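Peer 1: Could you have a look at this structure, given as structure tokens, before my questions?
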Amino acid sequence: MKLRLFLALMAVLAITFVSCQKQETSTTPESVALITKPDAKGEPAEAGARPVTIAATSNWSAVSDVDWITVSPASGPKGMQEVILTYTENTSGAKRVGSVTFTAGTYSETFTLTQN
């Protein structure tokens, strides 16, 4: 009888010990990184397109802060992807600057495009 009680008590202690251990979770933090860096000289005044490569650990989206830059595709799945930034002709004669913000989860990275 004492042996059964002892074994039952040991089983309860073992279950309690195992259930109280810290559970390891392997989550990858959400992030997006720009692989392509902006051209220091800027883009020409003529209309054109600029490929940008990004790497994201989760689904991502991109938004331009100006109407003269469009982004294609504007969103995508995790992984590496080439995104095309298309810009219209700059007829003002002055440099102009626009930004595209890439977001994955709560993390964001901004690509700044300068057009001469």
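Chain labels run A, B, ... following the order of the structure tokens; each chain numbers its residues from 1, and ligands are numbered from 1 in the order shown.
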If you count only C-alpha atoms, which residues fall within 9 Å of Thr110 (chain A), apart from same-chain ones fewer than 2 positions away, as an MDAnalysis selection string?
Peer 2: chainID A and resid 34 99:103 108 112
Peer 1: How many Å lie between CA of Pro44 (chain A) and CA of Val97 (chain A), rounded to one decimal?
Peer 2: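 Pair CA of Pro44 (chain A) / CA of Val97 (chain A) returns 12.2 Å.
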Peer 1: Find the distance between CA of Asp67 (chain A) and CA of Met80 (chain A) and write it in Å to one decimal.
Peer 2: 25.7 Å
Peer 1: Can you tell me, as an NGL selection string, what residues are no more than 9 Å from Gly48 (chain A) when counting only C-alpha atoms, ignoring any on the same chain fewer than 3 positions away?
Peer 2: :A and (43-45 or 85-89)
Peer 1: Output C-alpha atoms for every residue in that selection, as a PDB file, in the first residue's frame.
Peer 2:
```
ATOM      1  CA  GLU A  43      17.557  59.153 -60.833  1.00  0.00           C
ATOM      2  CA  PRO A  44      17.369  61.092 -64.122  1.00  0.00           C
ATOM      3  CA  ALA A  45      14.597  63.632 -64.753  1.00  0.00           C
ATOM      4  CA  LEU A  85       9.515  51.631 -58.315  1.00  0.00           C
ATOM      5  CA  THR A  86       8.187  53.497 -61.357  1.00  0.00           C
ATOM      6  CA  TYR A  87       8.492  57.273 -61.396  1.00  0.00           C
ATOM      7  CA  THR A  88       7.062  59.920 -63.706  1.00  0.00           C
ATOM      8  CA  GLU A  89       9.056  62.586 -65.525  1.00  0.00           C
TER       9      GLU A  89
END
```
Peer 1: For each of A:Ala47, A:Ala40, A:Leu113, A:Ala56, take the minimum atom-to-atom distance to Gly79 (chain A), counting only C-alpha atoms, then give the residue where this is smallest.
Peer 2: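 Going through A:Ala47, A:Ala40, A:Leu113, A:Ala56 one by one, the smallest distance to Gly79 (chain A) is for A:Ala56.
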Peer 1: To one decimal in Å, tell me the separation between CA of Ser75 (chain A) and CA of Ala33 (chain A).
Peer 2: 14.1 Å
Peer 1: Point out the residue among A:Thr36, A:Thr53, A:Thr91, A:Ser58 with the least atom-to-atom distance to Gly105 (chain A), counting only C-alpha atoms.
Peer 2: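 Smallest distance to Gly105 (chain A) is found for A:Ser58.
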Peer 1: From a DSSP calculation on the backbone, collect every residue of region 10-113 of chain A in strand (DSSP E) and output the set as a PyMOL selection string.
Peer 2: chain A and resi 32-34+48-56+60-64+69-72+75-76+79-87+96-104+107-113
Peer 1: Any chance you could export the current selection's C-alpha atoms as a PDB file, in the first residue's frame?
Peer 2:
```
ATOM      1  CA  VAL A  32      11.947  43.627 -43.771  1.00  0.00           C
ATOM      2  CA  ALA A  33      15.335  44.637 -45.152  1.00  0.00           C
ATOM      3  CA  LEU A  34      16.299  46.592 -48.229  1.00  0.00           C
ATOM      4  CA  GLY A  48      11.806  55.548 -65.476  1.00  0.00           C
ATOM      5  CA  ALA A  49      11.884  52.592 -63.161  1.00  0.00           C
ATOM      6  CA  ARG A  50      14.149  51.479 -60.323  1.00  0.00           C
ATOM      7  CA  PRO A  51      14.298  47.840 -59.178  1.00  0.00           C
ATOM      8  CA  VAL A  52      14.604  47.359 -55.420  1.00  0.00           C
ATOM      9  CA  THR A  53      15.241  43.980 -53.801  1.00  0.00           C
ATOM     10  CA  ILE A  54      13.778  43.340 -50.367  1.00  0.00           C
ATOM     11  CA  ALA A  55      13.960  40.446 -47.900  1.00  0.00           C
ATOM     12  CA  ALA A  56      11.071  39.961 -45.492  1.00  0.00           C
ATOM     13  CA  TRP A  60       4.987  42.694 -46.468  1.00  0.00           C
ATOM     14  CA  SER A  61       3.437  45.773 -48.055  1.00  0.00           C
ATOM     15  CA  ALA A  62       4.825  48.954 -49.620  1.00  0.00           C
ATOM     16  CA  VAL A  63       3.429  52.494 -49.772  1.00  0.00           C
ATOM     17  CA  SER A  64       4.787  55.562 -51.575  1.00  0.00           C
ATOM     18  CA  ILE A  69       6.222  56.965 -57.525  1.00  0.00           C
ATOM     19  CA  THR A  70       4.245  53.748 -57.943  1.00  0.00           C
ATOM     20  CA  VAL A  71       5.228  50.384 -56.465  1.00  0.00           C
ATOM     21  CA  SER A  72       4.729  47.031 -58.174  1.00  0.00           C
ATOM     22  CA  SER A  75       2.684  43.615 -51.303  1.00  0.00           C
ATOM     23  CA  GLY A  76       3.956  40.061 -51.174  1.00  0.00           C
ATOM     24  CA  GLY A  79      11.191  35.868 -48.735  1.00  0.00           C
ATOM     25  CA  MET A  80      13.299  37.841 -51.204  1.00  0.00           C
ATOM     26  CA  GLN A  81      11.530  39.731 -53.940  1.00  0.00           C
ATOM     27  CA  GLU A  82      12.285  42.373 -56.537  1.00  0.00           C
ATOM     28  CA  VAL A  83       9.953  45.361 -56.447  1.00  0.00           C
ATOM     29  CA  ILE A  84       9.804  47.953 -59.235  1.00  0.00           C
ATOM     30  CA  LEU A  85       9.515  51.631 -58.315  1.00  0.00           C
ATOM     31  CA  THR A  86       8.187  53.497 -61.357  1.00  0.00           C
ATOM     32  CA  TYR A  87       8.492  57.273 -61.396  1.00  0.00           C
ATOM     33  CA  ARG A  96      12.492  66.043 -55.902  1.00  0.00           C
ATOM     34  CA  VAL A  97      12.504  63.380 -53.215  1.00  0.00           C
ATOM     35  CA  GLY A  98       9.981  60.648 -52.472  1.00  0.00           C
ATOM     36  CA  SER A  99       9.954  57.690 -50.115  1.00  0.00           C
ATOM     37  CA  VAL A 100       8.580  54.181 -50.254  1.00  0.00           C
ATOM     38  CA  THR A 101       8.010  52.488 -46.904  1.00  0.00           C
ATOM     39  CA  PHE A 102       8.148  48.696 -46.800  1.00  0.00           C
ATOM     40  CA  THR A 103       6.383  47.146 -43.796  1.00  0.00           C
ATOM     41  CA  ALA A 104       6.383  43.582 -42.438  1.00  0.00           C
ATOM     42  CA  TYR A 107       8.797  46.629 -38.612  1.00  0.00           C
ATOM     43  CA  SER A 108       9.361  49.052 -41.496  1.00  0.00           C
ATOM     44  CA  GLU A 109      12.208  50.182 -43.732  1.00  0.00           C
ATOM     45  CA  THR A 110      12.169  53.229 -46.023  1.00  0.00           C
ATOM     46  CA  PHE A 111      13.710  53.588 -49.480  1.00  0.00           C
ATOM     47  CA  THR A 112      14.293  57.210 -50.502  1.00  0.00           C
ATOM     48  CA  LEU A 113      14.333  58.023 -54.199  1.00  0.00           C
TER      49      LEU A 113
END
```
Peer 1: From the options A:Glu46, A:Ser31, A:Gly93, A:Lys37, which residue's atoms come nearest to Asn59 (chain A), counting only C-alpha atoms?
Peer 2: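 So, comparing all the options, the nearest one is A:Ser31.
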